[in-house]
$ cat coords-v9.cif   # mmCIF, C-alpha atoms and all ligand atoms
data_work
#
loop_
_atom_site.label_atom_id
_atom_site.label_comp_id
_atom_site.auth_asym_id
_atom_site.auth_seq_id
_atom_site.Cartn_x
_atom_site.Cartn_y
_atom_site.Cartn_z
CA MET R 1 0.00 0.00 0.00
CA SER R 2 1.34 3.43 -0.94
CA LEU R 3 1.40 6.11 1.74
CA SER R 4 2.53 8.80 -0.67
CA PRO R 5 0.47 12.05 -0.70
CA GLU R 6 -0.08 11.71 -4.50
CA ALA R 7 -2.07 8.55 -3.99
CA GLY R 8 -5.56 10.11 -4.21
CA PRO R 9 -8.91 8.35 -4.26
CA GLU R 10 -8.70 7.64 -7.99
CA THR R 11 -5.38 5.76 -7.63
CA ALA R 12 -6.14 3.98 -4.32
CA PRO R 13 -6.81 0.25 -4.70
CA ALA R 14 -10.44 -0.82 -4.41
CA ARG R 15 -11.20 -2.26 -0.96
CA ALA R 16 -13.95 -4.64 0.01
CA THR R 17 -16.35 -2.90 2.39
CA GLY R 18 -18.41 -5.87 3.52
CA ARG R 19 -17.74 -7.71 6.77
CA THR R 20 -18.93 -11.10 7.98
CA SER R 21 -19.71 -12.21 11.53
CA VAL R 22 -18.09 -15.52 12.42
CA PRO R 23 -18.01 -17.49 15.69
CA PRO R 24 -15.43 -16.38 18.30
CA ASN R 25 -12.08 -18.11 17.96
CA ALA R 26 -9.08 -17.31 20.16
CA PHE R 27 -6.72 -18.45 17.41
CA TYR R 28 -7.35 -15.26 15.43
CA VAL R 29 -4.81 -13.66 17.76
CA PRO R 30 -1.22 -14.44 16.66
CA SER R 31 0.99 -15.66 19.47
CA PRO R 32 4.54 -16.80 20.12
CA VAL R 33 5.50 -20.44 20.52
CA VAL R 34 7.19 -21.06 23.87
CA LEU R 35 8.37 -24.19 25.62
CA LEU R 36 7.36 -24.59 29.25
CA SER R 37 9.77 -26.62 31.33
CA THR R 38 8.41 -27.96 34.61
CA GLU R 39 9.23 -30.73 37.05
CA ASP R 40 7.27 -33.01 39.32
CA GLU R 41 7.93 -33.55 43.02
CA ASN R 42 10.65 -36.12 42.16
CA GLY R 43 12.52 -33.71 39.90
CA GLU R 44 11.30 -35.46 36.73
CA VAL R 45 11.35 -32.79 34.00
CA ASP R 46 8.66 -32.26 31.36
CA VAL R 47 8.73 -29.83 28.42
CA SER R 48 5.67 -28.83 26.38
CA ALA R 49 5.02 -26.30 23.64
CA MET R 50 2.49 -23.60 24.56
CA SER R 51 1.02 -20.82 22.45
CA ALA R 52 -1.77 -19.45 24.66
CA VAL R 53 0.82 -17.11 26.17
CA GLY R 54 0.96 -13.40 26.84
CA VAL R 55 2.35 -10.60 28.97
CA VAL R 56 -0.20 -9.24 31.46
CA CYS R 57 1.98 -6.95 33.58
CA LEU R 58 5.26 -5.23 32.81
CA ASP R 59 6.49 -4.30 36.27
CA PRO R 60 6.67 -6.73 37.92
CA ALA R 61 6.80 -8.95 34.85
CA VAL R 62 3.80 -11.30 34.93
CA LEU R 63 3.01 -13.80 32.18
CA ALA R 64 -0.26 -15.64 31.54
CA VAL R 65 -0.38 -19.13 30.06
CA GLY R 66 -3.58 -21.02 29.20
CA ILE R 67 -3.08 -24.69 30.04
CA LYS R 68 -5.48 -27.62 29.85
CA PRO R 69 -5.81 -29.09 33.35
CA ARG R 70 -5.08 -32.63 32.21
CA ARG R 71 -1.57 -31.71 31.02
CA GLN R 72 1.38 -32.97 33.04
CA THR R 73 2.72 -29.44 32.68
CA TYR R 74 -0.27 -28.08 34.60
CA LYS R 75 -0.03 -30.72 37.32
CA ASN R 76 3.67 -29.96 37.77
CA ILE R 77 2.99 -26.23 38.08
CA ARG R 78 0.26 -26.84 40.67
CA ARG R 79 2.56 -29.09 42.70
CA THR R 80 5.76 -27.04 42.57
CA GLY R 81 4.39 -23.50 42.12
CA SER R 82 6.88 -22.70 39.38
CA PHE R 83 7.64 -23.04 35.67
CA VAL R 84 10.14 -21.80 33.13
CA VAL R 85 9.14 -20.14 29.85
CA ASN R 86 11.78 -20.91 27.19
CA LEU R 87 11.73 -19.04 23.88
CA PRO R 88 12.70 -21.38 21.01
CA LEU R 89 14.12 -20.22 17.69
CA GLN R 90 12.98 -21.26 14.22
CA ASP R 91 15.61 -23.99 14.03
CA GLY R 92 13.94 -25.51 17.11
CA LEU R 93 10.60 -25.90 15.37
CA GLU R 94 10.71 -29.68 15.06
CA ALA R 95 11.61 -30.22 18.72
CA ALA R 96 8.96 -27.72 19.80
CA ASP R 97 6.30 -29.45 17.74
CA TYR R 98 7.41 -32.83 19.12
CA THR R 99 6.97 -31.74 22.74
CA GLY R 100 3.60 -30.24 21.86
CA THR R 101 2.18 -33.43 20.44
CA ARG R 102 3.36 -35.99 23.05
CA PRO R 103 1.84 -36.02 26.52
CA TRP R 104 4.38 -36.96 29.18
CA ARG R 105 2.05 -39.58 30.64
CA LYS R 106 2.21 -41.47 27.31
CA GLU R 107 5.84 -40.72 26.45
CA PRO R 108 7.92 -40.04 29.59
CA ASP R 109 11.05 -40.00 27.38
CA LYS R 110 9.67 -37.24 25.17
CA LEU R 111 12.39 -34.77 26.11
CA ARG R 112 15.21 -37.07 25.06
CA ASN R 113 13.27 -38.19 21.98
CA ALA R 114 12.86 -34.54 20.97
CA GLY R 115 16.64 -34.12 21.23
CA LEU R 116 16.34 -31.48 23.96
CA GLU R 117 18.87 -30.99 26.72
CA VAL R 118 17.95 -29.65 30.12
CA ALA R 119 20.10 -27.60 32.49
CA ARG R 120 19.37 -25.84 35.80
CA LEU R 121 19.08 -22.09 36.28
CA PRO R 122 21.76 -20.65 38.59
CA GLU R 123 19.48 -18.96 41.16
CA SER R 124 16.30 -21.04 41.35
CA GLY R 125 17.73 -24.37 40.18
CA LEU R 126 14.65 -24.75 37.93
CA PRO R 127 15.00 -26.77 34.70
CA TYR R 128 15.48 -24.79 31.47
CA LEU R 129 16.49 -25.40 27.85
CA PRO R 130 19.96 -24.08 26.90
CA SER R 131 19.01 -24.36 23.20
CA CYS R 132 16.56 -21.49 23.74
CA PRO R 133 18.15 -18.00 23.86
CA ILE R 134 15.82 -16.76 26.61
CA ALA R 135 14.64 -18.69 29.67
CA MET R 136 12.29 -16.98 32.14
CA ALA R 137 11.61 -18.64 35.49
CA CYS R 138 8.18 -17.84 36.91
CA THR R 139 6.51 -18.28 40.29
CA LEU R 140 2.83 -19.18 40.22
CA VAL R 141 0.88 -16.16 41.47
CA GLY R 142 -2.58 -16.88 40.12
CA ASN R 143 -4.71 -19.61 38.62
CA LEU R 144 -7.99 -18.59 37.04
CA GLY R 145 -10.64 -21.18 36.27
CA ARG R 146 -14.40 -21.44 35.90
CA HIS R 147 -15.17 -19.65 39.16
CA GLU R 148 -12.71 -16.76 38.77
CA LEU R 149 -13.62 -16.25 35.11
CA ARG R 150 -17.35 -16.36 36.01
CA LEU R 151 -18.09 -18.95 33.35
CA ASP R 152 -21.15 -21.14 33.34
CA VAL R 153 -19.18 -24.02 31.79
CA PRO R 154 -15.74 -25.41 32.71
CA PRO R 155 -13.14 -23.62 30.53
CA SER R 156 -10.91 -25.69 28.24
CA HIS R 157 -7.82 -24.04 29.79
CA GLN R 158 -6.81 -22.76 33.22
CA VAL R 159 -5.22 -19.31 33.10
CA VAL R 160 -1.93 -19.70 34.92
CA LEU R 161 -0.26 -16.47 36.01
CA GLY R 162 3.45 -16.47 36.72
CA ARG R 163 5.58 -13.70 38.10
CA MET R 164 8.99 -13.70 36.40
CA THR R 165 11.67 -14.14 39.02
CA GLU R 166 14.79 -15.07 37.07
CA CYS R 167 15.82 -14.55 33.49
CA SER R 168 18.73 -16.14 31.63
CA ILE R 169 19.96 -15.01 28.19
CA ASP R 170 22.37 -16.83 25.90
CA ASP R 171 25.35 -14.46 25.54
CA GLU R 172 25.14 -14.85 21.77
CA TRP R 173 22.02 -12.67 21.90
CA LEU R 174 23.38 -10.00 24.18
CA GLY R 175 24.26 -6.64 22.67
CA GLU R 176 25.64 -3.69 24.57
CA ASP R 177 23.26 -3.42 27.56
CA GLU R 178 20.38 -5.00 25.63
CA VAL R 179 18.98 -8.27 24.31
CA ARG R 180 19.10 -8.32 20.48
CA LEU R 181 15.41 -9.11 20.05
CA GLU R 182 15.15 -7.51 16.59
CA ASP R 183 17.52 -10.11 15.15
CA MET R 184 16.04 -13.08 16.99
CA PRO R 185 14.27 -15.55 14.66
CA VAL R 186 11.45 -16.40 17.06
CA LEU R 187 8.52 -18.64 16.13
CA LEU R 188 4.96 -17.43 15.73
CA TYR R 189 1.78 -19.47 15.80
CA LEU R 190 -1.32 -18.68 13.75
CA ASN R 191 -4.04 -21.27 14.33
CA ARG R 192 -1.87 -24.40 14.11
CA VAL R 193 0.45 -22.89 11.51
CA TYR R 194 4.03 -21.94 12.39
CA ALA R 195 5.38 -18.71 10.95
CA ALA R 196 8.63 -16.79 10.98
CA ARG R 197 8.78 -13.24 12.26
CA GLY R 198 9.20 -10.59 9.59
CA ASP R 199 11.46 -7.58 9.19
CA VAL R 200 11.54 -4.70 11.65
CA LEU R 201 9.11 -2.07 10.31
CA GLY R 202 9.68 0.80 12.69
CA VAL R 203 10.22 1.98 16.23
CA GLN R 204 7.56 3.20 18.68
CA ARG R 205 7.33 6.97 18.25
CA PHE R 206 6.93 8.24 21.86
CA THR R 207 7.92 11.78 20.89
CA ASP R 208 8.88 13.80 17.81
CA ASP R 209 12.24 14.73 19.36
CA PRO R 210 14.77 12.21 17.96
CA ALA R 211 17.18 12.71 20.89
CA LYS R 212 14.44 12.08 23.46
CA ARG R 213 13.25 9.08 21.48
CA GLU R 214 16.70 7.57 21.45
CA ALA R 215 17.04 8.14 25.20
CA LYS R 216 13.66 6.46 25.84
CA MET R 217 14.60 3.49 23.68
CA ARG R 218 17.90 3.12 25.53
CA GLU R 219 16.01 3.18 28.84
CA TYR R 220 13.47 0.57 27.71
CA ARG R 221 16.01 -1.77 26.21
CA SER R 222 18.52 -1.50 29.03
CA LEU R 223 19.01 -4.81 30.82
CA GLY R 224 18.27 -3.09 34.12
CA GLY R 225 15.53 -0.84 32.69
CA ARG R 226 12.12 -0.24 34.29
CA GLN R 227 9.17 -1.01 31.98
CA GLU R 228 5.99 1.03 32.22
C1 LIG R 301 2.60 -25.11 19.01
C2 LIG R 301 1.81 -25.71 20.11
C3 LIG R 301 1.20 -24.90 21.03
C4 LIG R 301 0.47 -25.44 22.11
N1 LIG R 301 -0.11 -24.61 23.00
C5 LIG R 301 -0.77 -25.10 24.06
C6 LIG R 301 -1.32 -24.22 25.03
O1 LIG R 301 -1.21 -23.01 24.95
N2 LIG R 301 -1.97 -24.79 26.09
C7 LIG R 301 -2.09 -26.14 26.24
O2 LIG R 301 -2.69 -26.59 27.22
N3 LIG R 301 -1.57 -27.00 25.33
C8 LIG R 301 -0.90 -26.51 24.24
N4 LIG R 301 -0.35 -27.36 23.33
C9 LIG R 301 -0.50 -28.80 23.50
C10 LIG R 301 0.51 -29.40 24.49
O3 LIG R 301 1.82 -28.94 24.27
C11 LIG R 301 0.50 -30.93 24.32
O4 LIG R 301 -0.78 -31.43 24.62
C12 LIG R 301 1.55 -31.65 25.14
O5 LIG R 301 1.63 -32.97 24.65
C13 LIG R 301 1.26 -31.65 26.62
O6 LIG R 301 2.21 -32.46 27.25
P1 LIG R 301 2.23 -32.72 28.84
O7 LIG R 301 0.99 -33.50 29.16
O8 LIG R 301 3.49 -33.50 29.02
O9 LIG R 301 2.24 -31.37 29.49
C14 LIG R 301 0.36 -26.85 22.24
C15 LIG R 301 0.95 -27.67 21.29
C16 LIG R 301 1.67 -27.12 20.23
C17 LIG R 301 2.31 -28.03 19.22
#

$ encode --input "coords-v9.cif" --output "structure tokens"
Amino acid sequence: MSLSPEAGPETAPARATGRTSVPPNAFYVPSPVVLLSTEDENGEVDVSAMSAVGVVCLDPAVLAVGIKPRRQTYKNIRRTGSFVVNLPLQDGLEAADYTGTRPWRKEPDKLRNAGLEVARLPESGLPYLPSCPIAMACTLVGNLGRHELRLDVPPSHQVVLGRMTECSIDDEWLGEDEVRLEDMPVLLYLNRVYAARGDVLGVQRFTDDPAKREAKMREYRSLGGRQE
């Protein structure tokens, strides 16, 4: 689409004006693919792909994940009160898909079969995936179900809220006082279809003063920066 001022009504492409109502479907919202690593009370580690994931608070950082209650992942989170959100890259697509299609109760070896290695985070000792550039350990701070969501039917997923308490970045993705997110080939999920992220299209405007904008961006991207 041209944004040039010359592009008047006579040159603008014809656009359909009709709209159609369709049934609600949460999958119309694009989401990232993440891998949740959890453990049971015996330290047995499970990893599962999740896409019903989002940020619900910036400071403190709180993430929401929608998880079906029958998942081993959910049971582990309920028992231990913690989980780790690992961000896989596009070259980890096959392993991610593998973990997301094998329940632990049917395939307890699914981690090894997916070719994934597990290590422990330095502070919490929680299990994470070194193949993922970002691992975010979370403490369970909320669990919303039928009652809390005021639903008249049991929801398919519990809304698990986790406060981020520890974050580990692969040094390969560290720039000068920032994580190089723009270059990171993360995986997106669009209703059962995996997609690559596209090019950077622009930077949030904040202000028309370029110097102030640069200062704001530095503040936001700083590894110790406050997010509001
Ligand atoms: C890309 C992808 C995204 C998924 N997202 C979710 C999700 O958000 N919530 C969920 O409960 N299951 C999700 N699943 C399904 C679980 O990962 C899958 O059922 C897994 O086998 C559960 O294993 P577990 O029982 O060992 O936890 C997803 C699967 C894939 C492949």

$ closest_residue --input "coords-v9.cif" --among "R:Ser124, R:Thr139, R:Ser51, R:Ser168" --to "ligand LIG 301 (chain R)" --atoms "all atoms listed in the file"
R:Ser51

$ residues_near_ligand --input "coords-v9.cif" --ligand "ligand LIG 301 (chain R)" --cutoff "6 Å" --atoms "all atoms listed in the file" --output "short mmCIF file (atom, residue, chain, number, x, y, z; two decimals) with C-alpha atoms, in the coordinates of the input"
data_model
loop_
_atom_site.label_atom_id
_atom_site.label_comp_id
_atom_site.auth_asym_id
_atom_site.auth_seq_id
_atom_site.Cartn_x
_atom_site.Cartn_y
_atom_site.Cartn_z
CA VAL R 33 5.50 -20.44 20.52
CA ASP R 46 8.66 -32.26 31.36
CA SER R 48 5.67 -28.83 26.38
CA ALA R 49 5.02 -26.30 23.64
CA MET R 50 2.49 -23.60 24.56
CA SER R 51 1.02 -20.82 22.45
CA ALA R 52 -1.77 -19.45 24.66
CA GLY R 66 -3.58 -21.02 29.20
CA ILE R 67 -3.08 -24.69 30.04
CA LYS R 68 -5.48 -27.62 29.85
CA ARG R 71 -1.57 -31.71 31.02
CA GLN R 72 1.38 -32.97 33.04
CA THR R 73 2.72 -29.44 32.68
CA ASP R 97 6.30 -29.45 17.74
CA THR R 99 6.97 -31.74 22.74
CA GLY R 100 3.60 -30.24 21.86
CA THR R 101 2.18 -33.43 20.44
CA ARG R 102 3.36 -35.99 23.05
CA PRO R 103 1.84 -36.02 26.52
CA TRP R 104 4.38 -36.96 29.18
#

$ closest_atom_pairs --input "coords-v9.cif" --of "region 2-93 of chain R" --to "region 128-138 of chain R" --cutoff "12 Å" --atoms "all atoms listed in the file" --output "JSON lines"
{"residue": "R:Val33", "atom": "CA", "partner": "R:Cys132", "partner_atom": "CA", "distance": 11.6}
{"residue": "R:Val34", "atom": "CA", "partner": "R:Cys132", "partner_atom": "CA", "distance": 9.4}
{"residue": "R:Leu35", "atom": "CA", "partner": "R:Leu129", "partner_atom": "CA", "distance": 8.5}
{"residue": "R:Leu36", "atom": "CA", "partner": "R:Tyr128", "partner_atom": "CA", "distance": 8.4}
{"residue": "R:Ser37", "atom": "CA", "partner": "R:Tyr128", "partner_atom": "CA", "distance": 6.0}
{"residue": "R:Thr38", "atom": "CA", "partner": "R:Tyr128", "partner_atom": "CA", "distance": 8.4}
{"residue": "R:Glu39", "atom": "CA", "partner": "R:Tyr128", "partner_atom": "CA", "distance": 10.3}
{"residue": "R:Val45", "atom": "CA", "partner": "R:Tyr128", "partner_atom": "CA", "distance": 9.4}
{"residue": "R:Asp46", "atom": "CA", "partner": "R:Tyr128", "partner_atom": "CA", "distance": 10.1}
{"residue": "R:Val47", "atom": "CA", "partner": "R:Leu129", "partner_atom": "CA", "distance": 9.0}
{"residue": "R:Ser48", "atom": "CA", "partner": "R:Leu129", "partner_atom": "CA", "distance": 11.4}
{"residue": "R:Pro60", "atom": "CA", "partner": "R:Cys138", "partner_atom": "CA", "distance": 11.3}
{"residue": "R:Ala61", "atom": "CA", "partner": "R:Cys138", "partner_atom": "CA", "distance": 9.2}
{"residue": "R:Val62", "atom": "CA", "partner": "R:Cys138", "partner_atom": "CA", "distance": 8.1}
{"residue": "R:Leu63", "atom": "CA", "partner": "R:Cys138", "partner_atom": "CA", "distance": 8.1}
{"residue": "R:Ala64", "atom": "CA", "partner": "R:Cys138", "partner_atom": "CA", "distance": 10.2}
{"residue": "R:Val65", "atom": "CA", "partner": "R:Cys138", "partner_atom": "CA", "distance": 11.0}
{"residue": "R:Ile77", "atom": "CA", "partner": "R:Cys138", "partner_atom": "CA", "distance": 9.9}
{"residue": "R:Thr80", "atom": "CA", "partner": "R:Cys138", "partner_atom": "CA", "distance": 11.1}
{"residue": "R:Gly81", "atom": "CA", "partner": "R:Cys138", "partner_atom": "CA", "distance": 8.6}
{"residue": "R:Ser82", "atom": "CA", "partner": "R:Cys138", "partner_atom": "CA", "distance": 5.6}
{"residue": "R:Phe83", "atom": "CA", "partner": "R:Cys138", "partner_atom": "CA", "distance": 5.4}
{"residue": "R:Val84", "atom": "CA", "partner": "R:Ala137", "partner_atom": "CA", "distance": 4.2}
{"residue": "R:Val85", "atom": "CA", "partner": "R:Met136", "partner_atom": "CA", "distance": 5.0}
{"residue": "R:Asn86", "atom": "CA", "partner": "R:Ala135", "partner_atom": "CA", "distance": 4.4}
{"residue": "R:Leu87", "atom": "CA", "partner": "R:Cys132", "partner_atom": "CA", "distance": 5.4}
{"residue": "R:Pro88", "atom": "CA", "partner": "R:Cys132", "partner_atom": "CA", "distance": 4.7}
{"residue": "R:Leu89", "atom": "CA", "partner": "R:Cys132", "partner_atom": "CA", "distance": 6.6}
{"residue": "R:Gln90", "atom": "CA", "partner": "R:Cys132", "partner_atom": "CA", "distance": 10.2}
{"residue": "R:Asp91", "atom": "CA", "partner": "R:Ser131", "partner_atom": "CA", "distance": 9.8}
{"residue": "R:Gly92", "atom": "CA", "partner": "R:Ser131", "partner_atom": "CA", "distance": 8.0}
{"residue": "R:Leu93", "atom": "CA", "partner": "R:Cys132", "partner_atom": "CA", "distance": 11.2}

$ axis_aligned_box --input "coords-v9.cif" --around "region 209-221 of chain R" --padding-each-side "8 Å" --output "JSON"
{"center_x": 15.1, "center_y": 6.5, "center_z": 23.4, "size_x": 21.7, "size_y": 32.5, "size_z": 26.9}

$ residues_near_point --input "coords-v9.cif" --point "(20.3, -31.3, 33.1)" --cutoff "9 Å" --atoms "all atoms listed in the file" --output "short mmCIF file (atom, residue, chain, number, x, y, z; two decimals) with C-alpha atoms, in the frame of the given file"
data_model
loop_
_atom_site.label_atom_id
_atom_site.label_comp_id
_atom_site.auth_asym_id
_atom_site.auth_seq_id
_atom_site.Cartn_x
_atom_site.Cartn_y
_atom_site.Cartn_z
CA GLU R 117 18.87 -30.99 26.72
CA VAL R 118 17.95 -29.65 30.12
CA ALA R 119 20.10 -27.60 32.49
CA ARG R 120 19.37 -25.84 35.80
CA PRO R 127 15.00 -26.77 34.70
CA TYR R 128 15.48 -24.79 31.47
CA LEU R 129 16.49 -25.40 27.85
#

$ closest_residue --input "coords-v9.cif" --among "R:Gly142, R:Lys216, R:Pro185, R:Glu172" --to "Val159 (chain R)" --atoms "all atoms listed in the file"
R:Gly142

$ residues_around --input "coords-v9.cif" --residues "Arg205 (chain R)" --least-positions-apart "3" --cutoff "10 Å" --atoms "all atoms listed in the file" --output "PyMOL selection string"
chain R and resi 202+208-210+213-214+216-217

$ write_last_selection --input "coords-v9.cif" --atoms "C-alpha atoms" --output "CSV table (one decimal), in the coordinates of the input"
chain,number,residue,atom,x,y,z
R,202,GLY,CA,9.7,0.8,12.7
R,208,ASP,CA,8.9,13.8,17.8
R,209,ASP,CA,12.2,14.7,19.4
R,210,PRO,CA,14.8,12.2,18.0
R,213,ARG,CA,13.2,9.1,21.5
R,214,GLU,CA,16.7,7.6,21.4
R,216,LYS,CA,13.7,6.5,25.8
R,217,MET,CA,14.6,3.5,23.7

$ atom_distance --input "coords-v9.cif" --atom1 "CA of Pro108 (chain R)" --atom2 "CA of Glu44 (chain R)"
9.1 Å

$ closest_residue --input "coords-v9.cif" --among "R:Cys167, R:Val29, R:Leu188, R:Leu144" --to "Gly224 (chain R)" --atoms "all atoms listed in the file"
R:Cys167

$ closest_residue --input "coords-v9.cif" --among "R:Arg218, R:Arg180, R:Arg192, R:Lys75" --to "Ser31 (chain R)" --atoms "all atoms listed in the file"
R:Arg192

$ closest_residue --input "coords-v9.cif" --among "R:Pro32, R:Ile169, R:Arg79, R:Phe27" --to "Val186 (chain R)" --atoms "only C-alpha atoms"
R:Pro32

$ atom_distance --input "coords-v9.cif" --atom1 "CA of Arg150 (chain R)" --atom2 "CA of Pro69 (chain R)"
17.4 Å

$ atom_distance --input "coords-v9.cif" --atom1 "CA of Thr207 (chain R)" --atom2 "CA of Gly54 (chain R)"
26.8 Å

$ closest_residue --input "coords-v9.cif" --among "R:Ala196, R:Leu187, R:Glu178, R:Asp170" --to "Glu219 (chain R)" --atoms "all atoms listed in the file"
R:Glu178

$ decode --input "coords-v9.cif" --residues "region 19-35 of chain R" --atoms "N, CA and C atoms" --output "PDB file, in the first residue's frame"
ATOM      1  N   ARG R  19     -18.350  -6.942   5.682  1.00  0.00           N
ATOM      2  CA  ARG R  19     -17.742  -7.714   6.771  1.00  0.00           C
ATOM      3  C   ARG R  19     -18.690  -8.848   7.109  1.00  0.00           C
ATOM      4  N   THR R  20     -18.123  -9.929   7.672  1.00  0.00           N
ATOM      5  CA  THR R  20     -18.929 -11.100   7.977  1.00  0.00           C
ATOM      6  C   THR R  20     -18.743 -11.474   9.437  1.00  0.00           C
ATOM      7  N   SER R  21     -19.825 -11.740  10.138  1.00  0.00           N
ATOM      8  CA  SER R  21     -19.707 -12.209  11.528  1.00  0.00           C
ATOM      9  C   SER R  21     -19.433 -13.699  11.539  1.00  0.00           C
ATOM     10  N   VAL R  22     -18.429 -14.097  12.310  1.00  0.00           N
ATOM     11  CA  VAL R  22     -18.094 -15.522  12.422  1.00  0.00           C
ATOM     12  C   VAL R  22     -18.012 -15.863  13.909  1.00  0.00           C
ATOM     13  N   PRO R  23     -18.070 -17.135  14.269  1.00  0.00           N
ATOM     14  CA  PRO R  23     -18.006 -17.495  15.692  1.00  0.00           C
ATOM     15  C   PRO R  23     -16.673 -17.087  16.317  1.00  0.00           C
ATOM     16  N   PRO R  24     -16.680 -16.752  17.625  1.00  0.00           N
ATOM     17  CA  PRO R  24     -15.432 -16.383  18.303  1.00  0.00           C
ATOM     18  C   PRO R  24     -14.406 -17.510  18.218  1.00  0.00           C
ATOM     19  N   ASN R  25     -13.156 -17.130  18.045  1.00  0.00           N
ATOM     20  CA  ASN R  25     -12.076 -18.114  17.961  1.00  0.00           C
ATOM     21  C   ASN R  25     -10.790 -17.451  18.445  1.00  0.00           C
ATOM     22  N   ALA R  26     -10.274 -17.928  19.557  1.00  0.00           N
ATOM     23  CA  ALA R  26      -9.083 -17.308  20.159  1.00  0.00           C
ATOM     24  C   ALA R  26      -7.881 -17.363  19.224  1.00  0.00           C
ATOM     25  N   PHE R  27      -7.885 -18.287  18.289  1.00  0.00           N
ATOM     26  CA  PHE R  27      -6.724 -18.445  17.408  1.00  0.00           C
ATOM     27  C   PHE R  27      -6.608 -17.341  16.359  1.00  0.00           C
ATOM     28  N   TYR R  28      -7.544 -16.389  16.340  1.00  0.00           N
ATOM     29  CA  TYR R  28      -7.354 -15.259  15.433  1.00  0.00           C
ATOM     30  C   TYR R  28      -6.265 -14.324  15.955  1.00  0.00           C
ATOM     31  N   VAL R  29      -5.875 -14.499  17.199  1.00  0.00           N
ATOM     32  CA  VAL R  29      -4.809 -13.657  17.762  1.00  0.00           C
ATOM     33  C   VAL R  29      -3.467 -14.379  17.580  1.00  0.00           C
ATOM     34  N   PRO R  30      -2.539 -13.794  16.819  1.00  0.00           N
ATOM     35  CA  PRO R  30      -1.223 -14.441  16.658  1.00  0.00           C
ATOM     36  C   PRO R  30      -0.503 -14.505  17.997  1.00  0.00           C
ATOM     37  N   SER R  31       0.294 -15.532  18.183  1.00  0.00           N
ATOM     38  CA  SER R  31       0.993 -15.657  19.472  1.00  0.00           C
ATOM     39  C   SER R  31       2.389 -16.235  19.242  1.00  0.00           C
ATOM     40  N   PRO R  32       3.233 -16.148  20.263  1.00  0.00           N
ATOM     41  CA  PRO R  32       4.539 -16.799  20.120  1.00  0.00           C
ATOM     42  C   PRO R  32       4.403 -18.286  20.429  1.00  0.00           C
ATOM     43  N   VAL R  33       5.394 -19.061  20.037  1.00  0.00           N
ATOM     44  CA  VAL R  33       5.503 -20.439  20.522  1.00  0.00           C
ATOM     45  C   VAL R  33       6.550 -20.417  21.627  1.00  0.00           C
ATOM     46  N   VAL R  34       6.209 -20.937  22.795  1.00  0.00           N
ATOM     47  CA  VAL R  34       7.193 -21.065  23.874  1.00  0.00           C
ATOM     48  C   VAL R  34       7.235 -22.518  24.315  1.00  0.00           C
ATOM     49  N   LEU R  35       8.274 -22.852  25.044  1.00  0.00           N
ATOM     50  CA  LEU R  35       8.375 -24.193  25.617  1.00  0.00           C
ATOM     51  C   LEU R  35       8.374 -24.046  27.138  1.00  0.00           C
TER      52      LEU R  35
END
